[in-house]
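Visitor: One structure coming up, written as structure tokens, with questions to follow.
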Amino acid sequence: MSLILTYIATSDGKIKRSSLEVLSHCREEAKKNGHTLAAVVLDTDPDSFTGTLEKYGASAIYTVKNPIFKNHLNTPVIEALAAVIDKVKPAVVAFASTEAVKDVMGALATRFDAPAVPDVASFKVTGDGLDALRPVMASKILAKTSGKGDMVFVSVRSGSYDATESPVSAELTSVPFDFDEGGLKNILKEVIKASGDKVDLNEARVVVAAGRGVKDDEGKKLVEELAALFNGAIGASRSVVETGMFDPSTQIGQTGKVVSPELYFAIGISGAIQHVAGMVNSKVIVAINKDEDAPIFQYSTYGLVGDLYKILPPLIEKLREARANA
Ligand SMILES: Cc1cc2nc3c(=O)[nH]c(=O)nc-3n(C[C@H](O)[C@H](O)[C@H](O)COP(=O)(O)OP(=O)(O)OC[C@H]3O[C@@H](n4cnc5c(N)ncnc54)[C@H](O)[C@@H]3O)c2cc1C
């Protein structure tokens, strides 16, 4: 029996939702293929996450405890993961596709002379590796791709799968790991959070995104109010990032972030393909645009044709009432 090993990313004492999504999918693939589902978590306090990982079906959990994992640094993460991979020899190593693991996965694949299949929308484990679908050409097309070998690395776009529970009792293994910080070539001086204490775009279940139709502070405030009602994150098209109205870290699209929340509001966004590339995989898309022919309506689940300055205030009011009466 082989292992499917899922890397569990943590931040501020929480497991990233995208990691639980990948873990849930790997659990189903492990079941289908007669593999064991394992999870590896690197943290200053990895034991605090094992209960959650058991809930999501990890029957083997490898914990690596070290103060160096307070912040994500590629070198120690690569070294610790290499130690675990060397020990357990998994058939598949799966990651949630984030900026943080881009280099890590490539470096590990090189080290283990294994194929890496990055940023896929779905994958299936096969007898000799895995088959996957990968969004290409600004997400217009899904390309069939595969990785063949005794060990294959794969990273999965956030929102591609649901995080679902299936509790088990896990075998826990603590993997010893010493790391000499003196050997680090890069020194982390400070972590600057782009959006203060605001909700992380990559992890948010609801994203409210503004485009050029949001013309002023009044419009921006409406977008912020709507986002706050859902505890959602604020996104933006490139147009309003370029004008300086929204922070560059909020840009969604081909040259921004790729998000796939449960609910995406496109407010005053035309739906240019470069923007759509970053949000088309959202589960439910609500578009508000005064132009009934705006391309965004081709992608939306619900479309509201009209002036956002007239539509948003009563919508926010109704949602507030519904929240209060819930
Ligand atoms: C190489 C390259 C990379 C790019 N990368 C990105 C990227 O990553 N992300 C991105 O977003 N763009 C990107 N772009 C830019 C992209 O092509 C579009 O120009 C941009 O997405 C348009 O932004 P927008 O929809 O906000 O503005 P517009 O296209 O100007 O659309 C504004 C919309 O608001 C509507 N509107 C106006 N007023 C109101 C109102 N009062 N109420 C309701 N609706 C209203 C209009 O009908 C219109 O549809 C890229 C372009 C290139 C060439």
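FYI, nothing fancy with the structure tokens labels: chains A, B, ... in order, residues from 1 per chain, ligands from 1 as they appear.
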I'd like the neighbourhood of range 48-54 of chain A as a VMD selection string, where a residue qualifies if any of its atoms comes within 12 Å (using only C-alpha atoms), though same-chain residues fewer than 5 positions away should be ignored.
Guide: chain A and resid 6 to 11 13 to 17 19 to 24 27 37 to 43 59 to 65 163 to 174
Visitor: Just N, CA and C atoms for this one: save the residues we selected as a short mmCIF file (atom, residue, chain, number, x, y, z; two decimals), in the first residue's frame.
Guide:
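In the end it all went to out-v1.cif:
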data_model
loop_
_atom_site.label_atom_id
_atom_site.label_comp_id
_atom_site.auth_asym_id
_atom_site.auth_seq_id
_atom_site.Cartn_x
_atom_site.Cartn_y
_atom_site.Cartn_z
N THR A 6 -0.20 14.80 1.96
CA THR A 6 -0.67 16.18 1.72
C THR A 6 0.06 17.14 2.65
N TYR A 7 0.60 18.19 2.06
CA TYR A 7 1.26 19.22 2.86
C TYR A 7 0.19 20.16 3.42
N ILE A 8 0.22 20.32 4.73
CA ILE A 8 -0.78 21.18 5.40
C ILE A 8 -0.13 22.51 5.75
N ALA A 9 -0.57 23.56 5.06
CA ALA A 9 -0.02 24.89 5.34
C ALA A 9 -0.79 25.52 6.49
N THR A 10 -0.06 26.16 7.39
CA THR A 10 -0.71 26.83 8.53
C THR A 10 -0.30 28.30 8.54
N SER A 11 -1.14 29.10 9.14
CA SER A 11 -0.82 30.52 9.26
C SER A 11 -1.59 31.08 10.45
N GLY A 13 -1.79 30.22 13.50
CA GLY A 13 -2.46 29.24 14.34
C GLY A 13 -3.64 28.55 13.69
N LYS A 14 -3.77 28.69 12.37
CA LYS A 14 -4.90 28.04 11.68
C LYS A 14 -4.39 27.27 10.47
N ILE A 15 -5.11 26.19 10.14
CA ILE A 15 -4.81 25.48 8.90
C ILE A 15 -5.47 26.24 7.76
N LYS A 16 -4.73 26.40 6.65
CA LYS A 16 -5.33 27.10 5.51
C LYS A 16 -6.44 26.24 4.90
N ARG A 17 -7.54 26.90 4.60
CA ARG A 17 -8.70 26.19 4.03
C ARG A 17 -8.29 25.42 2.78
N SER A 19 -5.62 23.93 2.09
CA SER A 19 -4.96 22.66 2.42
C SER A 19 -6.00 21.60 2.79
N LEU A 20 -7.06 22.02 3.48
CA LEU A 20 -8.11 21.05 3.85
C LEU A 20 -8.88 20.58 2.61
N GLU A 21 -9.00 21.47 1.63
CA GLU A 21 -9.65 21.07 0.38
C GLU A 21 -8.83 19.98 -0.31
N VAL A 22 -7.52 20.19 -0.37
CA VAL A 22 -6.65 19.21 -1.04
C VAL A 22 -6.64 17.90 -0.24
N LEU A 23 -6.60 18.03 1.08
CA LEU A 23 -6.61 16.84 1.93
C LEU A 23 -7.89 16.02 1.70
N SER A 24 -9.02 16.73 1.59
CA SER A 24 -10.30 16.04 1.38
C SER A 24 -10.30 15.29 0.05
N ARG A 27 -8.09 12.27 0.21
CA ARG A 27 -8.74 11.19 0.97
C ARG A 27 -9.58 10.32 0.03
N LEU A 37 -3.95 7.78 3.42
CA LEU A 37 -3.89 9.24 3.36
C LEU A 37 -3.05 9.75 4.53
N ALA A 38 -1.98 10.46 4.19
CA ALA A 38 -1.11 11.02 5.23
C ALA A 38 -1.07 12.54 5.08
N ALA A 39 -0.82 13.21 6.20
CA ALA A 39 -0.69 14.67 6.18
C ALA A 39 0.61 15.02 6.88
N VAL A 40 1.25 16.07 6.40
CA VAL A 40 2.46 16.54 7.09
C VAL A 40 2.26 18.00 7.43
N VAL A 41 2.53 18.33 8.69
CA VAL A 41 2.36 19.71 9.14
C VAL A 41 3.64 20.19 9.83
N LEU A 42 4.14 21.32 9.36
CA LEU A 42 5.35 21.92 9.93
C LEU A 42 4.91 23.18 10.67
N ASP A 43 5.24 23.29 11.93
CA ASP A 43 4.76 24.46 12.67
C ASP A 43 5.53 24.57 13.98
N SER A 59 -5.15 9.47 8.04
CA SER A 59 -4.94 8.35 8.96
C SER A 59 -3.48 8.22 9.41
N ALA A 60 -2.60 8.98 8.78
CA ALA A 60 -1.22 9.08 9.27
C ALA A 60 -0.86 10.56 9.27
N ILE A 61 -0.36 11.04 10.40
CA ILE A 61 0.00 12.47 10.48
C ILE A 61 1.45 12.60 10.92
N TYR A 62 2.23 13.32 10.12
CA TYR A 62 3.63 13.57 10.44
C TYR A 62 3.75 15.02 10.89
N THR A 63 4.24 15.21 12.08
CA THR A 63 4.39 16.57 12.60
C THR A 63 5.88 16.90 12.70
N VAL A 64 6.23 18.10 12.33
CA VAL A 64 7.61 18.56 12.46
C VAL A 64 7.55 19.88 13.22
N LYS A 65 8.15 19.86 14.41
CA LYS A 65 8.04 21.03 15.29
C LYS A 65 9.38 21.77 15.31
N ALA A 163 -13.86 21.22 1.14
CA ALA A 163 -13.26 20.62 2.34
C ALA A 163 -14.37 19.87 3.07
N THR A 164 -14.26 18.56 3.13
CA THR A 164 -15.32 17.76 3.75
C THR A 164 -14.73 16.85 4.82
N GLU A 165 -15.50 16.65 5.87
CA GLU A 165 -14.97 15.85 7.00
C GLU A 165 -15.27 14.36 6.82
N SER A 166 -14.40 13.54 7.37
CA SER A 166 -14.60 12.09 7.39
C SER A 166 -13.67 11.55 8.47
N PRO A 167 -14.10 11.67 9.74
CA PRO A 167 -13.18 11.46 10.86
C PRO A 167 -12.57 10.06 10.93
N VAL A 168 -11.32 10.03 11.30
CA VAL A 168 -10.60 8.78 11.56
C VAL A 168 -9.71 9.00 12.78
N SER A 169 -9.17 7.89 13.25
CA SER A 169 -8.18 8.01 14.31
C SER A 169 -6.81 7.80 13.66
N ALA A 170 -5.94 8.77 13.83
CA ALA A 170 -4.68 8.74 13.07
C ALA A 170 -3.51 8.19 13.87
N GLU A 171 -2.55 7.67 13.13
CA GLU A 171 -1.26 7.31 13.74
C GLU A 171 -0.37 8.55 13.65
N LEU A 172 0.10 9.01 14.79
CA LEU A 172 0.87 10.27 14.81
C LEU A 172 2.36 9.97 14.88
N THR A 173 3.14 10.65 14.06
CA THR A 173 4.60 10.47 14.10
C THR A 173 5.23 11.85 14.16
N SER A 174 6.06 12.05 15.17
CA SER A 174 6.79 13.31 15.27
C SER A 174 8.16 13.10 14.62
#
Visitor: Tell me which protein, DNA and RNA residues are within 12 Å of range 305-319 of chain A, counting only C-alpha atoms, leaving out same-chain ones fewer than 3 positions away, and put them as a ChimeraX atom specification.
Guide: /A:208,210-230,265-270,286-294,296-297,300,302,322-326
Visitor: Considering only C-alpha atoms, return as a count of residues only whatever protein or nucleic-acid residues lie within 9 Å of range 116-129 of chain A, sequence-local ones (same chain, fewer than 4 positions apart) excluded.
Guide: 39
Visitor: Where in range 83-311 of chain A does DSSP assign strand (DSSP E or B), given as a PDB file with C-alpha atoms, in the first residue's frame?
Guide:
ATOM      1  CA  VAL A  92       1.859  11.378  -4.504  1.00  0.00           C
ATOM      2  CA  VAL A  93       2.781  14.569  -2.657  1.00  0.00           C
ATOM      3  CA  ALA A  94      -0.033  17.115  -2.886  1.00  0.00           C
ATOM      4  CA  PHE A  95       0.004  20.825  -2.060  1.00  0.00           C
ATOM      5  CA  ALA A  96      -2.533  23.635  -2.213  1.00  0.00           C
ATOM      6  CA  ALA A 116       5.808  18.074 -10.749  1.00  0.00           C
ATOM      7  CA  VAL A 117       2.350  19.000 -12.030  1.00  0.00           C
ATOM      8  CA  PRO A 118       1.622  22.525 -10.796  1.00  0.00           C
ATOM      9  CA  ASP A 119      -1.561  24.538 -10.358  1.00  0.00           C
ATOM     10  CA  VAL A 120      -4.158  22.014 -11.482  1.00  0.00           C
ATOM     11  CA  SER A 122      -8.386  18.585 -10.648  1.00  0.00           C
ATOM     12  CA  PHE A 123      -6.401  15.370 -10.541  1.00  0.00           C
ATOM     13  CA  LYS A 124      -6.873  11.617 -10.378  1.00  0.00           C
ATOM     14  CA  VAL A 125      -4.373   9.128  -9.065  1.00  0.00           C
ATOM     15  CA  THR A 126      -3.584   6.382 -11.585  1.00  0.00           C
ATOM     16  CA  GLY A 129       1.234   8.512 -11.284  1.00  0.00           C
ATOM     17  CA  LEU A 130      -1.599  10.940 -11.852  1.00  0.00           C
ATOM     18  CA  ASP A 131      -3.695  12.607 -14.549  1.00  0.00           C
ATOM     19  CA  ALA A 132      -4.759  16.213 -14.130  1.00  0.00           C
ATOM     20  CA  LEU A 133      -6.615  19.098 -15.742  1.00  0.00           C
ATOM     21  CA  ARG A 134      -4.769  22.403 -15.726  1.00  0.00           C
ATOM     22  CA  PRO A 135      -6.310  25.774 -16.653  1.00  0.00           C
ATOM     23  CA  VAL A 136      -4.326  27.442 -19.448  1.00  0.00           C
ATOM     24  CA  ILE A 141      -9.060  25.947 -21.718  1.00  0.00           C
ATOM     25  CA  LEU A 142      -8.382  23.005 -19.442  1.00  0.00           C
ATOM     26  CA  ALA A 143      -5.310  21.127 -20.643  1.00  0.00           C
ATOM     27  CA  LYS A 144      -4.939  17.420 -19.922  1.00  0.00           C
ATOM     28  CA  THR A 145      -1.635  16.808 -18.241  1.00  0.00           C
ATOM     29  CA  SER A 146      -0.069  13.953 -16.334  1.00  0.00           C
ATOM     30  CA  GLY A 147       2.870  13.032 -14.164  1.00  0.00           C
ATOM     31  CA  LYS A 148       4.205   9.514 -14.342  1.00  0.00           C
ATOM     32  CA  VAL A 152       4.641  12.630  -8.336  1.00  0.00           C
ATOM     33  CA  PHE A 153       4.238  16.155  -6.962  1.00  0.00           C
ATOM     34  CA  VAL A 154       1.035  18.085  -7.613  1.00  0.00           C
ATOM     35  CA  SER A 155      -0.381  21.435  -6.527  1.00  0.00           C
ATOM     36  CA  VAL A 156      -4.102  22.217  -6.671  1.00  0.00           C
ATOM     37  CA  GLU A 171      -1.264   7.308  13.737  1.00  0.00           C
ATOM     38  CA  LEU A 172       0.873  10.266  14.810  1.00  0.00           C
ATOM     39  CA  THR A 173       4.596  10.470  14.097  1.00  0.00           C
ATOM     40  CA  SER A 174       6.790  13.309  15.267  1.00  0.00           C
ATOM     41  CA  VAL A 206     -16.715  35.331  -0.284  1.00  0.00           C
ATOM     42  CA  VAL A 207     -14.930  37.894  -2.456  1.00  0.00           C
ATOM     43  CA  VAL A 208     -16.401  41.269  -3.363  1.00  0.00           C
ATOM     44  CA  ALA A 209     -14.489  42.698  -6.309  1.00  0.00           C
ATOM     45  CA  ALA A 210     -14.675  46.232  -7.646  1.00  0.00           C
ATOM     46  CA  ALA A 233     -12.292  39.747   1.140  1.00  0.00           C
ATOM     47  CA  ILE A 234     -12.086  42.731  -1.181  1.00  0.00           C
ATOM     48  CA  GLY A 235     -10.790  42.214  -4.700  1.00  0.00           C
ATOM     49  CA  ALA A 236     -10.295  44.539  -7.649  1.00  0.00           C
ATOM     50  CA  GLN A 251      -5.873  42.592  -8.052  1.00  0.00           C
ATOM     51  CA  ILE A 252      -7.582  39.513  -9.424  1.00  0.00           C
ATOM     52  CA  LYS A 257      -4.418  36.577  -7.865  1.00  0.00           C
ATOM     53  CA  LEU A 263     -19.389  33.476  -3.778  1.00  0.00           C
ATOM     54  CA  TYR A 264     -17.843  36.166  -6.008  1.00  0.00           C
ATOM     55  CA  PHE A 265     -19.364  39.602  -6.534  1.00  0.00           C
ATOM     56  CA  ALA A 266     -18.158  41.427  -9.656  1.00  0.00           C
ATOM     57  CA  ILE A 267     -19.206  45.040  -9.123  1.00  0.00           C
ATOM     58  CA  VAL A 284     -21.406  31.330  -7.562  1.00  0.00           C
ATOM     59  CA  ILE A 285     -20.746  34.568  -9.448  1.00  0.00           C
ATOM     60  CA  VAL A 286     -22.979  37.608  -8.990  1.00  0.00           C
ATOM     61  CA  ALA A 287     -22.358  40.433 -11.446  1.00  0.00           C
ATOM     62  CA  ILE A 288     -23.679  43.972 -11.173  1.00  0.00           C
ATOM     63  CA  ASN A 289     -23.214  46.044 -14.316  1.00  0.00           C
ATOM     64  CA  TYR A 302     -26.825  35.814 -11.249  1.00  0.00           C
ATOM     65  CA  GLY A 303     -26.690  39.083 -13.142  1.00  0.00           C
ATOM     66  CA  LEU A 304     -28.094  42.413 -11.985  1.00  0.00           C
ATOM     67  CA  VAL A 305     -28.319  44.967 -14.787  1.00  0.00           C
TER      68      VAL A 305
END
Visitor: Please compute the atom 40 (C, counted along the ligand's line) of ligand 1-CA of Ala277 in chain A distance, one decimal, in Å.
Guide: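 These atoms are spaced 22.2 Å apart.
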Visitor: Distance CA of Ser249 in chain A-CA of Pro67 in chain A, one decimal place?
Guide: 28.1 Å
